[in-house]
Structure formats: C-alpha cells, structure tokens
Amino acid sequence: MKQNCIKLIKATAILLLILMPLVTTTSAFAEDSEQVKKKLEIQTVKRLIITLPENPDSSIIDMYENGGWEYNPTSNQLEKPVTYKDLEIEVDGKPYTTDDNGVVEVPVEKGYGEDIKIETEQLSASGKNSKEDEQKLSTTVEVSNEPIVIEEYINLNHILNSMGKETSNDTTENTAVSNEQVGEMKAKAPYLDDKQLPSRGRALHCNRFNGFQGDGKYYEDEASWAAVRNFFQSDCDVSLGKSNKCLADYGSNPYCAAKPASKNGHCGDIVGHANGYHKHTGWFSPSK
C-alpha cells in the first residue's frame with residue numbers, strides 16, 4: 001500500500017512537471033493578448049458639410065445622396081464623411097501619420113480607464129499663418145480596446161465663400177495665353193459675371209461649378225440651388241474627397257486662387273483634369 005502511494009506521488013510530480021511549461025505558455029499568451037488589446041486604433045473622419053437654401057429641392061438632395069452624401073433634414077445640411085492619408089495625430093505628445101483610411105494604430109502603456117491626450121490636425125483652421133495651437137483639435141479619452149473616432153465638421157459654404165467673387169473691377173489687361181492642356185486660349189484674369197458660362201479653357205479660381213448635372217454656369221450666390229447642383233461631381237467636389245490640400249490652407253494661403261495665375265484651378269491637378277474651365281458631360285468625364 002505504501003509503495004502504491006509513493007508511485008502515485010511520483011506520477012503526480014511528473015504530471016506537474018509536464019503541465020508547468022503549458023501553464024507558463026498560457027500565461028505568456030494571456031500577457032501577449034493584453035498587449036494586443038492595448039494597441040489603440042484611432043481614426044480621423046472629416047465630415048464635409050453643405051448648408052442648403054430654404055425650401056429643399058428633393059431632386060438635388062436625391063442626387064447628392066446617390067453620390068455618397070447624407071441629408072440631415074433637421075439642420076437642412078448635406079454631409080459626407082471622408083478620410084485622408086498622412087494627417088498627423090499626436091498621442092501623449094508622440095506623432096503618428098494616418099493611413100488611407102485615416103487610421104493610426106498606437107501602442108499605449110497606460111492601463112484601461114487611464115486618460116490619453118489626442119491632438120489632430122484641424123483642417124478648417126484659417127490658414128498656414130495661424131498660430132500652431134489654433135490648427136489642432138485636442139481631446140482626452142480613456143484607454144480601452146474600442147476604436148476611437150475623432151470627427152471634425154467642415155462647412156464647405158465657408159470655403160466656397162472664401163474664394164471671393166469672380167467679378168472684379170480689376171483693370172488688369174485681359175491678355176490671352178496658351179493653355180496646351182486644353183488646346184485653347186484662356187484669359188489671364190479669371191473673373192466672371194453672375195450666371196456666365198465660361199468658354200472652355202478659361203482660367204478660373206476653381207472648377208467648382210462644372211458638375212455634369214448642372215448648367216456649368218458661375219453663380220455669384222454660392223449657396224443658391226443652382227450653385228449647389230453645379231458643385232456636385234465638380235473638380236472641386238471630387239478633389240475634396242481625395243485630398244486635404246483644398247481644406248488645409250483655404251484661408252490666407254489657398255491651394256486654388258484667382259491670383260497668382262499659377263494657382264488657377266489647382267483642384268484639377270488632384271483629379272487629373274485640366275486647370276482651365278471644362279464642363280463635365282458624364283459622372284466625372286470632362287467635355288471633349
């Protein structure tokens with residue numbers, strides 16, 4: 001009986017020796033899993049906003065909704081969420097840059113429930129001459145295993161209005177220069193009258209009214225229904241969905257501008273279209 005007990009003790013000891021590495025491995029795996037959970041996912045989403053005129057036009061709203069916009073009847077606004085690559089995000093002072101989906105994955109050393117400080121670029125800031133701290137959005141959140149989404153609302157009405165009026169008392173000589181990209185002549189001074197249809201290749205501040213569903217005319221009232229219809233699928237609309245250039249410095253140092261001429265219609269560069277005026281004849285196809 002005594003020998004049987006000794007054998008049982010030995011067998012138990014051997015089994016424990018066998019199981020000990022498994023316990024250690026399981027513990028290490030649990031620690032690794034904990035580390036994975038503490039790799040925080042942060043996404044920046046920029047929500048582009050268009051404030052609509054009164055008495056909503058359902059045909060224009062339907063057109064935008066079919067193009068990926070959302071209509072908010074309470075605020076009478078159109079919204080489109082976009083994400084941008086290479087935006088800077090600081091987490092507790094450490095810089096990271098976003099991927100194509102506006103996401104960064106950040107390893108954090110703090111425990112769950114502890115606060116971290118997140119700062120992201122504010123694309124609606126008034127321009128490159130602004131103070132650096134005025135161009136950042138700052139928030140404090142608790143560490144968890146849930147993704148964090150940082151949103152910024154950008155009203156495009158402000159951007160379009162900041163482009164200024166296309167009409168001007170400028171007496172600059174309207175000398176024509178060659179534009180090989182469209183094979184026609186364009187004016188040096190890109191000013192238009194209200195409801196004017198520009199000639200193809202004409203210099204413009206921005207191709208923001210050449211969408212295929214509209215009439216291609218410039219409207220001085222950027223918030224009018226006619227202007228909103230013309231904006232849809234224009235070079236400006238599509239470029240804003242692809243790049244943050246037109247947002248980041250639309251104030252004192254705009255990406256597109258009436259002057260100097262070197263900045264005319266730069267949104268065309270982003271989408272592979274001409275800088276001069278052209279009217280779209282299809283979803284995003286320029287005129288021939």
# chains A, B, ... in the order shown; residues from 1 in each chain; ligands from 1
$ residues_around --residues "A:Asp269" --least-positions-apart "5" --cutoff "10 Å" --atoms "only C-alpha atoms" --output "ChimeraX atom specification"
/A:235,239,274-275
$ residues_around --residues "stretch 258-265 of chain A" --least-positions-apart "3" --cutoff "7 Å" --atoms "only C-alpha atoms" --output "VMD selection string"
chain A and resid 190 203 to 207 255 268 275 to 276
$ write_last_selection --atoms "all heavy atoms" --output "PDB file, in the first residue's frame"
ATOM      1  N   PRO A 190      -9.063  85.726 -64.231  1.00  0.00           N
ATOM      2  CA  PRO A 190     -10.173  84.755 -64.217  1.00  0.00           C
ATOM      3  C   PRO A 190     -11.430  85.272 -63.532  1.00  0.00           C
ATOM      4  O   PRO A 190     -11.895  84.708 -62.546  1.00  0.00           O
ATOM      5  CB  PRO A 190      -9.572  83.582 -63.435  1.00  0.00           C
ATOM      6  CG  PRO A 190      -8.656  84.257 -62.454  1.00  0.00           C
ATOM      7  CD  PRO A 190      -8.107  85.470 -63.158  1.00  0.00           C
ATOM      8  N   ALA A 203      -9.316  80.558 -67.661  1.00  0.00           N
ATOM      9  CA  ALA A 203      -8.729  80.498 -66.323  1.00  0.00           C
ATOM     10  C   ALA A 203      -9.795  80.763 -65.273  1.00  0.00           C
ATOM     11  O   ALA A 203     -10.647  81.634 -65.438  1.00  0.00           O
ATOM     12  CB  ALA A 203      -7.617  81.527 -66.197  1.00  0.00           C
ATOM     13  N   LEU A 204      -9.739  80.000 -64.185  1.00  0.00           N
ATOM     14  CA  LEU A 204     -10.710  80.112 -63.097  1.00  0.00           C
ATOM     15  C   LEU A 204      -9.998  80.003 -61.760  1.00  0.00           C
ATOM     16  O   LEU A 204      -8.916  79.414 -61.664  1.00  0.00           O
ATOM     17  CB  LEU A 204     -11.744  78.984 -63.176  1.00  0.00           C
ATOM     18  CG  LEU A 204     -12.677  78.938 -64.377  1.00  0.00           C
ATOM     19  CD1 LEU A 204     -13.403  77.600 -64.382  1.00  0.00           C
ATOM     20  CD2 LEU A 204     -13.666  80.079 -64.333  1.00  0.00           C
ATOM     21  N   HIS A 205     -10.639  80.547 -60.754  1.00  0.00           N
ATOM     22  CA  HIS A 205     -10.176  80.310 -59.386  1.00  0.00           C
ATOM     23  C   HIS A 205     -10.200  78.811 -59.107  1.00  0.00           C
ATOM     24  O   HIS A 205      -9.218  78.233 -58.635  1.00  0.00           O
ATOM     25  CB  HIS A 205     -11.098  81.051 -58.418  1.00  0.00           C
ATOM     26  CG  HIS A 205     -10.668  80.974 -56.986  1.00  0.00           C
ATOM     27  ND1 HIS A 205     -10.913  81.989 -56.094  1.00  0.00           N
ATOM     28  CD2 HIS A 205     -10.025  80.020 -56.280  1.00  0.00           C
ATOM     29  CE1 HIS A 205     -10.434  81.652 -54.906  1.00  0.00           C
ATOM     30  NE2 HIS A 205      -9.896  80.464 -54.996  1.00  0.00           N
ATOM     31  N   CYS A 206     -11.334  78.173 -59.413  1.00  0.00           N
ATOM     32  CA  CYS A 206     -11.530  76.760 -59.086  1.00  0.00           C
ATOM     33  C   CYS A 206     -12.672  76.218 -59.934  1.00  0.00           C
ATOM     34  O   CYS A 206     -13.683  76.884 -60.126  1.00  0.00           O
ATOM     35  CB  CYS A 206     -11.862  76.637 -57.597  1.00  0.00           C
ATOM     36  SG  CYS A 206     -12.417  75.017 -57.066  1.00  0.00           S
ATOM     37  N   ASN A 207     -12.501  75.013 -60.454  1.00  0.00           N
ATOM     38  CA  ASN A 207     -13.578  74.358 -61.206  1.00  0.00           C
ATOM     39  C   ASN A 207     -14.575  73.749 -60.224  1.00  0.00           C
ATOM     40  O   ASN A 207     -14.623  72.536 -60.019  1.00  0.00           O
ATOM     41  CB  ASN A 207     -13.004  73.282 -62.133  1.00  0.00           C
ATOM     42  CG  ASN A 207     -12.603  73.832 -63.480  1.00  0.00           C
ATOM     43  OD1 ASN A 207     -13.419  74.393 -64.199  1.00  0.00           O
ATOM     44  ND2 ASN A 207     -11.323  73.668 -63.815  1.00  0.00           N
ATOM     45  N   TYR A 255      -4.945  76.882 -51.786  1.00  0.00           N
ATOM     46  CA  TYR A 255      -4.362  75.963 -52.773  1.00  0.00           C
ATOM     47  C   TYR A 255      -4.763  76.384 -54.179  1.00  0.00           C
ATOM     48  O   TYR A 255      -3.943  76.429 -55.091  1.00  0.00           O
ATOM     49  CB  TYR A 255      -4.830  74.535 -52.480  1.00  0.00           C
ATOM     50  CG  TYR A 255      -4.224  73.495 -53.394  1.00  0.00           C
ATOM     51  CD1 TYR A 255      -2.867  73.179 -53.302  1.00  0.00           C
ATOM     52  CD2 TYR A 255      -5.001  72.824 -54.327  1.00  0.00           C
ATOM     53  CE1 TYR A 255      -2.303  72.227 -54.127  1.00  0.00           C
ATOM     54  CE2 TYR A 255      -4.439  71.872 -55.160  1.00  0.00           C
ATOM     55  CZ  TYR A 255      -3.093  71.578 -55.060  1.00  0.00           C
ATOM     56  OH  TYR A 255      -2.541  70.627 -55.892  1.00  0.00           O
ATOM     57  N   GLY A 268      -7.881  70.693 -60.329  1.00  0.00           N
ATOM     58  CA  GLY A 268      -7.766  69.822 -61.493  1.00  0.00           C
ATOM     59  C   GLY A 268      -6.546  68.925 -61.423  1.00  0.00           C
ATOM     60  O   GLY A 268      -6.565  67.782 -61.905  1.00  0.00           O
ATOM     61  N   ASN A 275      -6.634  72.490 -65.691  1.00  0.00           N
ATOM     62  CA  ASN A 275      -6.819  73.602 -64.765  1.00  0.00           C
ATOM     63  C   ASN A 275      -7.838  74.604 -65.294  1.00  0.00           C
ATOM     64  O   ASN A 275      -8.522  75.265 -64.522  1.00  0.00           O
ATOM     65  CB  ASN A 275      -5.495  74.332 -64.521  1.00  0.00           C
ATOM     66  CG  ASN A 275      -4.441  73.447 -63.892  1.00  0.00           C
ATOM     67  OD1 ASN A 275      -3.308  73.431 -64.331  1.00  0.00           O
ATOM     68  ND2 ASN A 275      -4.802  72.688 -62.884  1.00  0.00           N
ATOM     69  N   GLY A 276      -7.932  74.732 -66.621  1.00  0.00           N
ATOM     70  CA  GLY A 276      -8.892  75.651 -67.217  1.00  0.00           C
ATOM     71  C   GLY A 276     -10.301  75.093 -67.149  1.00  0.00           C
ATOM     72  O   GLY A 276     -10.525  73.910 -66.857  1.00  0.00           O
TER      73      GLY A 276
END
$ closest_residue --among "A:Met163, A:Leu247, A:Val238, A:Val106" --to "A:Asp221" --atoms "only C-alpha atoms"
A:Met163
$ residues_around --residues "stretch 84-94 of chain A" --least-positions-apart "2" --cutoff "7 Å" --atoms "only C-alpha atoms" --output "ChimeraX atom specification"
/A:82,96-102,116-121,243-244
$ atom_distance --atom1 "atom CA of A:Ser285" --atom2 "atom CA of A:Lys80"
21.5 Å
$ closest_residue --among "A:Leu197, A:Leu78, A:Leu48, A:Val103" --to "A:Ile159" --atoms "only C-alpha atoms"
A:Leu48
$ residues_around --residues "A:Lys38" --least-positions-apart "6" --cutoff "12 Å" --atoms "only C-alpha atoms" --output "list in words"
Glu31, Asp32, Glu105, Val106, Pro107, Val108, Glu109, Lys110, Gly111, Tyr112, Gly113, Glu114, Glu142, Val143, Ser144, Asn145, Glu146 and Pro147 of chain A
$ write_last_selection --atoms "all heavy atoms" --output "short mmCIF file (atom, residue, chain, number, x, y, z; two decimals), in the first residue's frame"
data_model
loop_
_atom_site.label_atom_id
_atom_site.label_comp_id
_atom_site.auth_asym_id
_atom_site.auth_seq_id
_atom_site.Cartn_x
_atom_site.Cartn_y
_atom_site.Cartn_z
N GLU A 31 -0.60 37.42 -21.48
CA GLU A 31 0.06 38.71 -21.40
C GLU A 31 0.18 39.35 -22.79
O GLU A 31 -0.02 40.55 -22.97
CB GLU A 31 1.45 38.56 -20.77
CG GLU A 31 1.40 38.22 -19.27
CD GLU A 31 2.78 38.01 -18.71
OE1 GLU A 31 3.75 38.19 -19.47
OE2 GLU A 31 2.90 37.68 -17.52
N ASP A 32 0.50 38.47 -23.80
CA ASP A 32 0.59 38.98 -25.16
C ASP A 32 -0.75 39.51 -25.64
O ASP A 32 -0.83 40.54 -26.31
CB ASP A 32 1.07 37.87 -26.11
CG ASP A 32 2.54 37.53 -25.88
OD1 ASP A 32 3.23 38.35 -25.26
OD2 ASP A 32 2.98 36.45 -26.32
N GLU A 105 -2.54 53.10 -35.61
CA GLU A 105 -2.55 52.14 -34.50
C GLU A 105 -1.42 52.52 -33.57
O GLU A 105 -0.26 52.59 -33.97
CB GLU A 105 -2.40 50.71 -35.02
CG GLU A 105 -3.63 50.20 -35.74
CD GLU A 105 -3.54 48.71 -36.04
OE1 GLU A 105 -2.40 48.17 -36.00
OE2 GLU A 105 -4.58 48.11 -36.32
N VAL A 106 -1.80 52.75 -32.32
CA VAL A 106 -0.85 53.32 -31.36
C VAL A 106 -0.69 52.37 -30.17
O VAL A 106 -1.67 52.04 -29.50
CB VAL A 106 -1.37 54.68 -30.85
CG1 VAL A 106 -0.40 55.27 -29.84
CG2 VAL A 106 -1.57 55.64 -32.02
N PRO A 107 0.55 51.90 -29.90
CA PRO A 107 0.77 51.13 -28.67
C PRO A 107 0.73 52.06 -27.46
O PRO A 107 1.38 53.11 -27.47
CB PRO A 107 2.17 50.54 -28.88
CG PRO A 107 2.83 51.46 -29.83
CD PRO A 107 1.76 52.04 -30.71
N VAL A 108 -0.04 51.70 -26.45
CA VAL A 108 -0.14 52.54 -25.26
C VAL A 108 0.29 51.75 -24.04
O VAL A 108 0.01 50.55 -23.92
CB VAL A 108 -1.58 53.08 -25.06
CG1 VAL A 108 -1.91 54.10 -26.12
CG2 VAL A 108 -2.60 51.96 -25.08
N GLU A 109 0.99 52.42 -23.16
CA GLU A 109 1.49 51.78 -21.95
C GLU A 109 0.54 51.96 -20.77
O GLU A 109 0.67 51.28 -19.76
CB GLU A 109 2.87 52.34 -21.60
CG GLU A 109 3.91 52.11 -22.68
CD GLU A 109 5.25 52.75 -22.35
OE1 GLU A 109 5.31 53.43 -21.29
OE2 GLU A 109 6.20 52.57 -23.12
N LYS A 110 -0.40 52.86 -20.91
CA LYS A 110 -1.32 53.11 -19.80
C LYS A 110 -2.37 52.01 -19.71
O LYS A 110 -2.69 51.35 -20.70
CB LYS A 110 -2.00 54.47 -20.00
CG LYS A 110 -1.04 55.64 -19.89
CD LYS A 110 -1.75 56.97 -20.05
CE LYS A 110 -0.79 58.13 -19.88
NZ LYS A 110 -1.46 59.45 -20.04
N GLY A 111 -2.90 51.83 -18.52
CA GLY A 111 -3.92 50.81 -18.30
C GLY A 111 -5.30 51.29 -18.73
O GLY A 111 -5.53 52.47 -18.99
N TYR A 112 -6.21 50.33 -18.84
CA TYR A 112 -7.58 50.67 -19.23
C TYR A 112 -8.20 51.62 -18.21
O TYR A 112 -8.04 51.47 -17.01
CB TYR A 112 -8.44 49.39 -19.33
CG TYR A 112 -8.00 48.49 -20.45
CD1 TYR A 112 -7.69 47.16 -20.21
CD2 TYR A 112 -7.88 48.97 -21.74
CE1 TYR A 112 -7.28 46.32 -21.24
CE2 TYR A 112 -7.48 48.16 -22.78
CZ TYR A 112 -7.17 46.83 -22.52
OH TYR A 112 -6.76 46.02 -23.54
N GLY A 113 -8.90 52.62 -18.72
CA GLY A 113 -9.53 53.62 -17.86
C GLY A 113 -8.67 54.85 -17.63
O GLY A 113 -9.17 55.87 -17.18
N GLU A 114 -7.37 54.74 -17.97
CA GLU A 114 -6.50 55.91 -17.83
C GLU A 114 -6.66 56.82 -19.04
O GLU A 114 -7.00 56.38 -20.14
CB GLU A 114 -5.04 55.47 -17.70
CG GLU A 114 -4.73 54.72 -16.41
CD GLU A 114 -3.23 54.47 -16.25
OE1 GLU A 114 -2.50 55.45 -15.98
OE2 GLU A 114 -2.80 53.32 -16.42
N GLU A 142 -10.35 57.92 -22.58
CA GLU A 142 -9.89 56.81 -21.75
C GLU A 142 -9.39 55.66 -22.63
O GLU A 142 -9.96 55.38 -23.68
CB GLU A 142 -11.02 56.31 -20.85
CG GLU A 142 -11.42 57.29 -19.77
CD GLU A 142 -12.48 56.69 -18.85
OE1 GLU A 142 -12.96 55.57 -19.13
OE2 GLU A 142 -12.83 57.34 -17.84
N VAL A 143 -8.33 55.01 -22.19
CA VAL A 143 -7.80 53.85 -22.91
C VAL A 143 -8.78 52.69 -22.79
O VAL A 143 -9.28 52.38 -21.71
CB VAL A 143 -6.43 53.43 -22.32
CG1 VAL A 143 -5.92 52.17 -23.00
CG2 VAL A 143 -5.43 54.56 -22.45
N SER A 144 -9.09 52.08 -23.92
CA SER A 144 -9.94 50.89 -23.95
C SER A 144 -9.56 50.08 -25.18
O SER A 144 -8.66 50.47 -25.94
CB SER A 144 -11.42 51.28 -24.00
OG SER A 144 -11.75 51.80 -25.27
N ASN A 145 -10.23 48.96 -25.39
CA ASN A 145 -9.95 48.16 -26.59
C ASN A 145 -10.90 48.50 -27.73
O ASN A 145 -10.98 47.79 -28.73
CB ASN A 145 -10.00 46.66 -26.28
CG ASN A 145 -11.37 46.24 -25.74
OD1 ASN A 145 -12.26 47.07 -25.57
ND2 ASN A 145 -11.51 44.96 -25.46
N GLU A 146 -11.65 49.61 -27.58
CA GLU A 146 -12.56 50.06 -28.63
C GLU A 146 -11.88 51.11 -29.51
O GLU A 146 -11.14 51.95 -29.01
CB GLU A 146 -13.83 50.66 -28.01
CG GLU A 146 -14.67 49.67 -27.21
CD GLU A 146 -15.25 48.57 -28.06
OE1 GLU A 146 -15.58 48.86 -29.24
OE2 GLU A 146 -15.36 47.44 -27.57
N PRO A 147 -12.11 51.08 -30.83
CA PRO A 147 -11.55 52.12 -31.70
C PRO A 147 -12.06 53.49 -31.30
O PRO A 147 -13.20 53.65 -30.84
CB PRO A 147 -12.06 51.71 -33.09
CG PRO A 147 -12.41 50.27 -32.98
CD PRO A 147 -12.88 50.07 -31.58
#
$ residues_around --residues "A:Asn76" --least-positions-apart "6" --cutoff "9 Å" --atoms "only C-alpha atoms" --output "list of chain:residue names"
A:Ile50, A:Thr51, A:Leu52, A:Pro53, A:Glu54, A:Pro56
$ residues_around --residues "A:Gln233" --least-positions-apart "6" --cutoff "10 Å" --atoms "only C-alpha atoms" --output "ChimeraX atom specification"
/A:64,67,208-214,239,280,282-285
$ write_last_selection --atoms "C-alpha atoms" --output "PDB file, in the first residue's frame"
ATOM      1  CA  TYR A  64     -26.226  64.010 -53.618  1.00  0.00           C
ATOM      2  CA  GLY A  67     -23.312  60.134 -54.669  1.00  0.00           C
ATOM      3  CA  ARG A 208     -16.333  74.164 -58.606  1.00  0.00           C
ATOM      4  CA  PHE A 209     -19.375  74.546 -60.867  1.00  0.00           C
ATOM      5  CA  ASN A 210     -18.655  72.122 -63.727  1.00  0.00           C
ATOM      6  CA  GLY A 211     -20.614  69.095 -62.460  1.00  0.00           C
ATOM      7  CA  PHE A 212     -22.376  67.071 -65.153  1.00  0.00           C
ATOM      8  CA  GLN A 213     -25.875  67.524 -63.672  1.00  0.00           C
ATOM      9  CA  GLY A 214     -25.756  71.323 -63.765  1.00  0.00           C
ATOM     10  CA  SER A 239     -10.811  66.698 -55.120  1.00  0.00           C
ATOM     11  CA  HIS A 280     -18.361  67.545 -67.365  1.00  0.00           C
ATOM     12  CA  GLY A 282     -20.775  62.367 -67.505  1.00  0.00           C
ATOM     13  CA  TRP A 283     -20.296  61.260 -63.890  1.00  0.00           C
ATOM     14  CA  PHE A 284     -16.748  62.566 -63.872  1.00  0.00           C
ATOM     15  CA  SER A 285     -15.808  62.827 -67.511  1.00  0.00           C
TER      16      SER A 285
END
$ closest_residue --among "A:Leu123, A:Cys236, A:Leu192, A:Cys267" --to "A:Arg47" --atoms "only C-alpha atoms"
A:Leu123
$ decode --residues "stretch 208-228 of chain A" --atoms "N, CA and C atoms" --output "PDB file, in the first residue's frame"
ATOM      1  N   ARG A 208     -15.390  74.609 -59.636  1.00  0.00           N
ATOM      2  CA  ARG A 208     -16.333  74.164 -58.606  1.00  0.00           C
ATOM      3  C   ARG A 208     -17.776  74.177 -59.091  1.00  0.00           C
ATOM      4  N   PHE A 209     -17.997  74.499 -60.350  1.00  0.00           N
ATOM      5  CA  PHE A 209     -19.375  74.546 -60.867  1.00  0.00           C
ATOM      6  C   PHE A 209     -19.478  73.846 -62.225  1.00  0.00           C
ATOM      7  N   ASN A 210     -18.647  72.814 -62.438  1.00  0.00           N
ATOM      8  CA  ASN A 210     -18.655  72.122 -63.727  1.00  0.00           C
ATOM      9  C   ASN A 210     -19.197  70.699 -63.636  1.00  0.00           C
ATOM     10  N   GLY A 211     -20.013  70.419 -62.595  1.00  0.00           N
ATOM     11  CA  GLY A 211     -20.614  69.095 -62.460  1.00  0.00           C
ATOM     12  C   GLY A 211     -21.555  68.765 -63.618  1.00  0.00           C
ATOM     13  N   PHE A 212     -21.652  67.474 -63.947  1.00  0.00           N
ATOM     14  CA  PHE A 212     -22.376  67.071 -65.153  1.00  0.00           C
ATOM     15  C   PHE A 212     -23.888  67.237 -65.048  1.00  0.00           C
ATOM     16  N   GLN A 213     -24.432  67.382 -63.840  1.00  0.00           N
ATOM     17  CA  GLN A 213     -25.875  67.524 -63.672  1.00  0.00           C
ATOM     18  C   GLN A 213     -26.342  68.970 -63.765  1.00  0.00           C
ATOM     19  N   GLY A 214     -25.392  69.908 -63.767  1.00  0.00           N
ATOM     20  CA  GLY A 214     -25.756  71.323 -63.765  1.00  0.00           C
ATOM     21  C   GLY A 214     -25.636  71.969 -65.138  1.00  0.00           C
ATOM     22  N   ASP A 215     -25.742  73.290 -65.138  1.00  0.00           N
ATOM     23  CA  ASP A 215     -25.684  74.026 -66.403  1.00  0.00           C
ATOM     24  C   ASP A 215     -24.298  74.606 -66.678  1.00  0.00           C
ATOM     25  N   GLY A 216     -23.345  74.391 -65.745  1.00  0.00           N
ATOM     26  CA  GLY A 216     -21.968  74.819 -65.970  1.00  0.00           C
ATOM     27  C   GLY A 216     -21.719  76.295 -65.797  1.00  0.00           C
ATOM     28  N   LYS A 217     -22.716  77.043 -65.342  1.00  0.00           N
ATOM     29  CA  LYS A 217     -22.565  78.489 -65.199  1.00  0.00           C
ATOM     30  C   LYS A 217     -22.048  78.860 -63.813  1.00  0.00           C
ATOM     31  N   TYR A 218     -21.373  80.003 -63.747  1.00  0.00           N
ATOM     32  CA  TYR A 218     -20.940  80.542 -62.459  1.00  0.00           C
ATOM     33  C   TYR A 218     -22.084  81.329 -61.836  1.00  0.00           C
ATOM     34  N   TYR A 219     -22.375  81.033 -60.562  1.00  0.00           N
ATOM     35  CA  TYR A 219     -23.399  81.773 -59.826  1.00  0.00           C
ATOM     36  C   TYR A 219     -22.736  82.497 -58.658  1.00  0.00           C
ATOM     37  N   GLU A 220     -22.958  83.789 -58.621  1.00  0.00           N
ATOM     38  CA  GLU A 220     -22.346  84.604 -57.573  1.00  0.00           C
ATOM     39  C   GLU A 220     -22.778  84.137 -56.192  1.00  0.00           C
ATOM     40  N   ASP A 221     -24.031  83.712 -56.054  1.00  0.00           N
ATOM     41  CA  ASP A 221     -24.531  83.186 -54.781  1.00  0.00           C
ATOM     42  C   ASP A 221     -24.166  81.711 -54.694  1.00  0.00           C
ATOM     43  N   GLU A 222     -23.064  81.419 -53.988  1.00  0.00           N
ATOM     44  CA  GLU A 222     -22.572  80.040 -53.896  1.00  0.00           C
ATOM     45  C   GLU A 222     -23.537  79.122 -53.150  1.00  0.00           C
ATOM     46  N   ALA A 223     -24.465  79.703 -52.392  1.00  0.00           N
ATOM     47  CA  ALA A 223     -25.407  78.897 -51.606  1.00  0.00           C
ATOM     48  C   ALA A 223     -26.733  78.694 -52.331  1.00  0.00           C
ATOM     49  N   SER A 224     -26.848  79.165 -53.558  1.00  0.00           N
ATOM     50  CA  SER A 224     -28.109  79.004 -54.290  1.00  0.00           C
ATOM     51  C   SER A 224     -28.259  77.557 -54.755  1.00  0.00           C
ATOM     52  N   TRP A 225     -29.501  77.171 -55.069  1.00  0.00           N
ATOM     53  CA  TRP A 225     -29.740  75.810 -55.531  1.00  0.00           C
ATOM     54  C   TRP A 225     -28.997  75.525 -56.825  1.00  0.00           C
ATOM     55  N   ALA A 226     -28.922  76.509 -57.718  1.00  0.00           N
ATOM     56  CA  ALA A 226     -28.215  76.308 -58.984  1.00  0.00           C
ATOM     57  C   ALA A 226     -26.731  76.037 -58.740  1.00  0.00           C
ATOM     58  N   ALA A 227     -26.130  76.773 -57.798  1.00  0.00           N
ATOM     59  CA  ALA A 227     -24.715  76.574 -57.480  1.00  0.00           C
ATOM     60  C   ALA A 227     -24.492  75.223 -56.808  1.00  0.00           C
ATOM     61  N   VAL A 228     -25.414  74.829 -55.927  1.00  0.00           N
ATOM     62  CA  VAL A 228     -25.296  73.529 -55.254  1.00  0.00           C
ATOM     63  C   VAL A 228     -25.384  72.398 -56.272  1.00  0.00           C
TER      64      VAL A 228
END
